[in-house]
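Worksheet: the structure to be examined is printed underneath.
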Amino acid sequence: MNYIVVLPAAGSGKRMKAGHNKLFLTLRNKPILIHTLEVFEQDPNCAGIWLAVKPEERMAIQDMLEEHHITKVKGMPAGGEERQYSVYACIQAAKQEAELILVHDAARPFIEPAVIKKLAQKASETGAAIAGVKAKDTMKRVHNHIIEETVDREQLWIIQTPQAFQTDILVKAQKQAELDGFLGTDESMLVERLNIPVHVVESTYDNVKMTTQEDLLIGEAILQKRQQEEN
């Protein structure tokens, strides 16, 4: 089933301490953004990519796309101050193009095609599906640095992206959030407010988000591991 994918790409890189958009940082001499885009560029089910960008970075990103032969980017609307606004700008521009929309963190370059396929299939069948992995560590609820309880980790998942939705559901959720003045941390949170079940598809622990300098080291290790597996 065909889908379009929306990637917020207008971040500042504050936690990365990069001094500029962290997506321009490189792993194996290739920008993080390009690593991510190549996954969707190579997926035959991806009908188009929409990037929310800073207007002042649009030309630099366009040059990057041309250099690395990324052809599926259909538009680059201006990103908003919050992730939710950036995603909404892309959806408004792209909503007529496909019945299924995936939203993915541009800083997650290691999402696997098999997970994308399962997400698209589940969302096509049910309306909403997101990627996640089971929590591995002992989890505790803490208040003022004092443990209140140990939480059963069997019911806890670490949520990732992509998050996949039937287009009409995501558009409705975004509009309702706008009407209510509600700001969520991810698209699933907006859909949950409509009392629509959101299914979790098991992803991989490699699907990490490049957020801090330490994550770059993890990213290099993942690329090295994948290169060894290919050889």
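Chain lettering (A, B, ...) mirrors the order of the structure tokens, residue numbering begins at 1 for each chain separately, and ligand numbering begins at 1 in order of display.
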Give me the residues within 12 Å of segment 92-96 of chain A as a PDB file with N, CA, C and O atoms, in the first residue's frame, counting only C-alpha atoms and dropping any in the same chain fewer than 6 places off.
ATOM      1  N   TYR A   3       2.058   5.115   0.558  1.00  0.00           N
ATOM      2  CA  TYR A   3       1.934   6.103   1.622  1.00  0.00           C
ATOM      3  C   TYR A   3       2.799   7.307   1.266  1.00  0.00           C
ATOM      4  O   TYR A   3       3.677   7.245   0.401  1.00  0.00           O
ATOM      5  N   ILE A   4       2.547   8.418   1.956  1.00  0.00           N
ATOM      6  CA  ILE A   4       3.475   9.543   1.932  1.00  0.00           C
ATOM      7  C   ILE A   4       4.053   9.682   3.332  1.00  0.00           C
ATOM      8  O   ILE A   4       3.435   9.241   4.313  1.00  0.00           O
ATOM      9  N   VAL A   5       5.228  10.260   3.428  1.00  0.00           N
ATOM     10  CA  VAL A   5       5.861  10.409   4.728  1.00  0.00           C
ATOM     11  C   VAL A   5       6.192  11.875   4.979  1.00  0.00           C
ATOM     12  O   VAL A   5       6.628  12.590   4.078  1.00  0.00           O
ATOM     13  N   VAL A   6       5.930  12.303   6.204  1.00  0.00           N
ATOM     14  CA  VAL A   6       6.204  13.671   6.647  1.00  0.00           C
ATOM     15  C   VAL A   6       7.354  13.628   7.642  1.00  0.00           C
ATOM     16  O   VAL A   6       7.337  12.825   8.588  1.00  0.00           O
ATOM     17  N   ALA A  47       5.223   7.066  -1.803  1.00  0.00           N
ATOM     18  CA  ALA A  47       4.804   7.853  -2.963  1.00  0.00           C
ATOM     19  C   ALA A  47       5.316   9.280  -2.919  1.00  0.00           C
ATOM     20  O   ALA A  47       5.227  10.010  -3.909  1.00  0.00           O
ATOM     21  N   GLY A  48       5.859   9.705  -1.783  1.00  0.00           N
ATOM     22  CA  GLY A  48       6.348  11.075  -1.698  1.00  0.00           C
ATOM     23  C   GLY A  48       6.800  11.415  -0.295  1.00  0.00           C
ATOM     24  O   GLY A  48       6.353  10.805   0.686  1.00  0.00           O
ATOM     25  N   ILE A  49       7.723  12.366  -0.211  1.00  0.00           N
ATOM     26  CA  ILE A  49       8.281  12.819   1.064  1.00  0.00           C
ATOM     27  C   ILE A  49       8.030  14.310   1.197  1.00  0.00           C
ATOM     28  O   ILE A  49       8.236  15.075   0.251  1.00  0.00           O
ATOM     29  N   TRP A  50       7.592  14.718   2.402  1.00  0.00           N
ATOM     30  CA  TRP A  50       7.388  16.141   2.689  1.00  0.00           C
ATOM     31  C   TRP A  50       8.246  16.508   3.883  1.00  0.00           C
ATOM     32  O   TRP A  50       8.194  15.859   4.931  1.00  0.00           O
ATOM     33  N   LEU A  51       9.045  17.556   3.731  1.00  0.00           N
ATOM     34  CA  LEU A  51       9.931  18.025   4.781  1.00  0.00           C
ATOM     35  C   LEU A  51       9.457  19.375   5.311  1.00  0.00           C
ATOM     36  O   LEU A  51       9.223  20.293   4.521  1.00  0.00           O
ATOM     37  N   ALA A  52       9.340  19.492   6.621  1.00  0.00           N
ATOM     38  CA  ALA A  52       9.107  20.810   7.232  1.00  0.00           C
ATOM     39  C   ALA A  52      10.465  21.389   7.570  1.00  0.00           C
ATOM     40  O   ALA A  52      11.229  20.789   8.328  1.00  0.00           O
ATOM     41  N   VAL A  73      11.193  13.972  -2.655  1.00  0.00           N
ATOM     42  CA  VAL A  73      10.720  15.108  -1.853  1.00  0.00           C
ATOM     43  C   VAL A  73       9.802  15.972  -2.711  1.00  0.00           C
ATOM     44  O   VAL A  73      10.219  16.512  -3.736  1.00  0.00           O
ATOM     45  N   LYS A  74       8.548  16.080  -2.297  1.00  0.00           N
ATOM     46  CA  LYS A  74       7.526  16.801  -3.072  1.00  0.00           C
ATOM     47  C   LYS A  74       7.350  18.244  -2.625  1.00  0.00           C
ATOM     48  O   LYS A  74       6.828  19.071  -3.376  1.00  0.00           O
ATOM     49  N   GLY A  75       7.744  18.554  -1.407  1.00  0.00           N
ATOM     50  CA  GLY A  75       7.573  19.915  -0.916  1.00  0.00           C
ATOM     51  C   GLY A  75       8.292  20.122   0.396  1.00  0.00           C
ATOM     52  O   GLY A  75       8.574  19.164   1.131  1.00  0.00           O
ATOM     53  N   MET A  76       8.614  21.382   0.686  1.00  0.00           N
ATOM     54  CA  MET A  76       9.311  21.736   1.924  1.00  0.00           C
ATOM     55  C   MET A  76       8.651  22.954   2.550  1.00  0.00           C
ATOM     56  O   MET A  76       9.193  24.066   2.508  1.00  0.00           O
ATOM     57  N   PRO A  77       7.471  22.776   3.147  1.00  0.00           N
ATOM     58  CA  PRO A  77       6.805  23.891   3.826  1.00  0.00           C
ATOM     59  C   PRO A  77       7.638  24.395   5.006  1.00  0.00           C
ATOM     60  O   PRO A  77       8.477  23.668   5.546  1.00  0.00           O
ATOM     61  N   ALA A  78       7.382  25.619   5.411  1.00  0.00           N
ATOM     62  CA  ALA A  78       8.086  26.192   6.555  1.00  0.00           C
ATOM     63  C   ALA A  78       7.660  25.482   7.837  1.00  0.00           C
ATOM     64  O   ALA A  78       6.472  25.296   8.101  1.00  0.00           O
ATOM     65  N   TYR A  85       3.153  21.781  14.819  1.00  0.00           N
ATOM     66  CA  TYR A  85       2.839  22.759  13.793  1.00  0.00           C
ATOM     67  C   TYR A  85       3.566  22.440  12.490  1.00  0.00           C
ATOM     68  O   TYR A  85       3.030  22.656  11.392  1.00  0.00           O
ATOM     69  N   SER A  86       4.774  21.909  12.598  1.00  0.00           N
ATOM     70  CA  SER A  86       5.532  21.533  11.405  1.00  0.00           C
ATOM     71  C   SER A  86       4.847  20.393  10.668  1.00  0.00           C
ATOM     72  O   SER A  86       4.712  20.407   9.440  1.00  0.00           O
ATOM     73  N   LEU A 102       2.607   8.623   6.959  1.00  0.00           N
ATOM     74  CA  LEU A 102       3.557   8.280   8.012  1.00  0.00           C
ATOM     75  C   LEU A 102       4.252   9.561   8.470  1.00  0.00           C
ATOM     76  O   LEU A 102       4.581  10.414   7.645  1.00  0.00           O
ATOM     77  N   PHE A 165      -0.933   6.650   9.963  1.00  0.00           N
ATOM     78  CA  PHE A 165      -2.360   6.904  10.148  1.00  0.00           C
ATOM     79  C   PHE A 165      -3.063   6.988   8.799  1.00  0.00           C
ATOM     80  O   PHE A 165      -2.478   7.468   7.812  1.00  0.00           O
ATOM     81  N   GLN A 166      -4.305   6.573   8.786  1.00  0.00           N
ATOM     82  CA  GLN A 166      -5.134   6.894   7.638  1.00  0.00           C
ATOM     83  C   GLN A 166      -5.276   8.409   7.612  1.00  0.00           C
ATOM     84  O   GLN A 166      -5.467   9.049   8.648  1.00  0.00           O
ATOM     85  N   THR A 167      -5.179   8.979   6.435  1.00  0.00           N
ATOM     86  CA  THR A 167      -5.067  10.430   6.301  1.00  0.00           C
ATOM     87  C   THR A 167      -6.217  11.172   6.963  1.00  0.00           C
ATOM     88  O   THR A 167      -6.004  12.169   7.667  1.00  0.00           O
ATOM     89  N   ASP A 168      -7.442  10.706   6.762  1.00  0.00           N
ATOM     90  CA  ASP A 168      -8.590  11.427   7.319  1.00  0.00           C
ATOM     91  C   ASP A 168      -8.555  11.444   8.843  1.00  0.00           C
ATOM     92  O   ASP A 168      -8.962  12.424   9.485  1.00  0.00           O
ATOM     93  N   ILE A 169      -8.031  10.383   9.453  1.00  0.00           N
ATOM     94  CA  ILE A 169      -7.938  10.330  10.912  1.00  0.00           C
ATOM     95  C   ILE A 169      -6.926  11.346  11.428  1.00  0.00           C
ATOM     96  O   ILE A 169      -7.194  12.098  12.378  1.00  0.00           O
ATOM     97  N   LEU A 170      -5.761  11.405  10.792  1.00  0.00           N
ATOM     98  CA  LEU A 170      -4.732  12.323  11.252  1.00  0.00           C
ATOM     99  C   LEU A 170      -5.136  13.776  11.041  1.00  0.00           C
ATOM    100  O   LEU A 170      -4.902  14.629  11.901  1.00  0.00           O
ATOM    101  N   VAL A 171      -5.779  14.056   9.907  1.00  0.00           N
ATOM    102  CA  VAL A 171      -6.246  15.416   9.645  1.00  0.00           C
ATOM    103  C   VAL A 171      -7.273  15.835  10.698  1.00  0.00           C
ATOM    104  O   VAL A 171      -7.212  16.948  11.240  1.00  0.00           O
ATOM    105  N   LYS A 172      -8.197  14.942  11.017  1.00  0.00           N
ATOM    106  CA  LYS A 172      -9.218  15.240  12.025  1.00  0.00           C
ATOM    107  C   LYS A 172      -8.577  15.485  13.386  1.00  0.00           C
ATOM    108  O   LYS A 172      -8.958  16.414  14.115  1.00  0.00           O
ATOM    109  N   GLN A 174      -5.497  16.490  14.037  1.00  0.00           N
ATOM    110  CA  GLN A 174      -4.756  17.749  14.022  1.00  0.00           C
ATOM    111  C   GLN A 174      -5.699  18.945  14.145  1.00  0.00           C
ATOM    112  O   GLN A 174      -5.423  19.892  14.887  1.00  0.00           O
ATOM    113  N   LYS A 175      -6.805  18.902  13.424  1.00  0.00           N
ATOM    114  CA  LYS A 175      -7.763  20.006  13.472  1.00  0.00           C
ATOM    115  C   LYS A 175      -8.382  20.143  14.866  1.00  0.00           C
ATOM    116  O   LYS A 175      -8.572  21.254  15.362  1.00  0.00           O
TER     117      LYS A 175
END
With segment 33-39 of chain A as the partner and 12 Å as the cut-off, tabulate the residues of segment 44-83 of chain A that qualify, each row holding the nearest pair of atoms and their distance in Å to one decimal, using only C-alpha atoms, sorted by chain and rising number, as a Markdown table.
| residue | atom | partner | partner_atom | distance |
| --- | --- | --- | --- | --- |
| A:Pro44 | CA | A:Val39 | CA | 10.2 |
| A:Asn45 | CA | A:Val39 | CA | 11.2 |
| A:Cys46 | CA | A:Val39 | CA | 9.6 |
| A:Gly48 | CA | A:Leu37 | CA | 10.7 |
| A:Ile49 | CA | A:Leu37 | CA | 8.2 |
| A:Trp50 | CA | A:Leu37 | CA | 10.3 |
| A:Leu51 | CA | A:Leu37 | CA | 9.9 |
| A:Val53 | CA | A:Leu33 | CA | 11.6 |
| A:Ala60 | CA | A:Leu33 | CA | 11.9 |
| A:Ile61 | CA | A:Leu33 | CA | 9.0 |
| A:Gln62 | CA | A:Ile34 | CA | 11.3 |
| A:Asp63 | CA | A:Ile34 | CA | 11.5 |
| A:Met64 | CA | A:Ile34 | CA | 7.8 |
| A:Leu65 | CA | A:Ile34 | CA | 7.6 |
| A:Glu66 | CA | A:Ile34 | CA | 10.7 |
| A:Glu67 | CA | A:Ile34 | CA | 9.9 |
| A:His68 | CA | A:Ile34 | CA | 7.3 |
| A:His69 | CA | A:Glu38 | CA | 9.1 |
| A:Ile70 | CA | A:Glu38 | CA | 7.1 |
| A:Thr71 | CA | A:Leu37 | CA | 9.8 |
| A:Lys72 | CA | A:Leu37 | CA | 8.9 |
| A:Val73 | CA | A:Leu37 | CA | 8.8 |
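Each of A:Ala98, A:Ile159, A:Leu27, A:Ile111 was compared to Asp206 of chain A using only C-alpha atoms, and A:Ile111 turns out to be the nearest.
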Segment 32-95 of chain A: residues DSSP assigns to strand (DSSP E or B), reported as number ranges by chain: A: 46-53, 73-75, 78
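A straight line drawn from atom CA of Lys134 of chain A to atom CA of Trp157 of chain A is 4.4 Å long.
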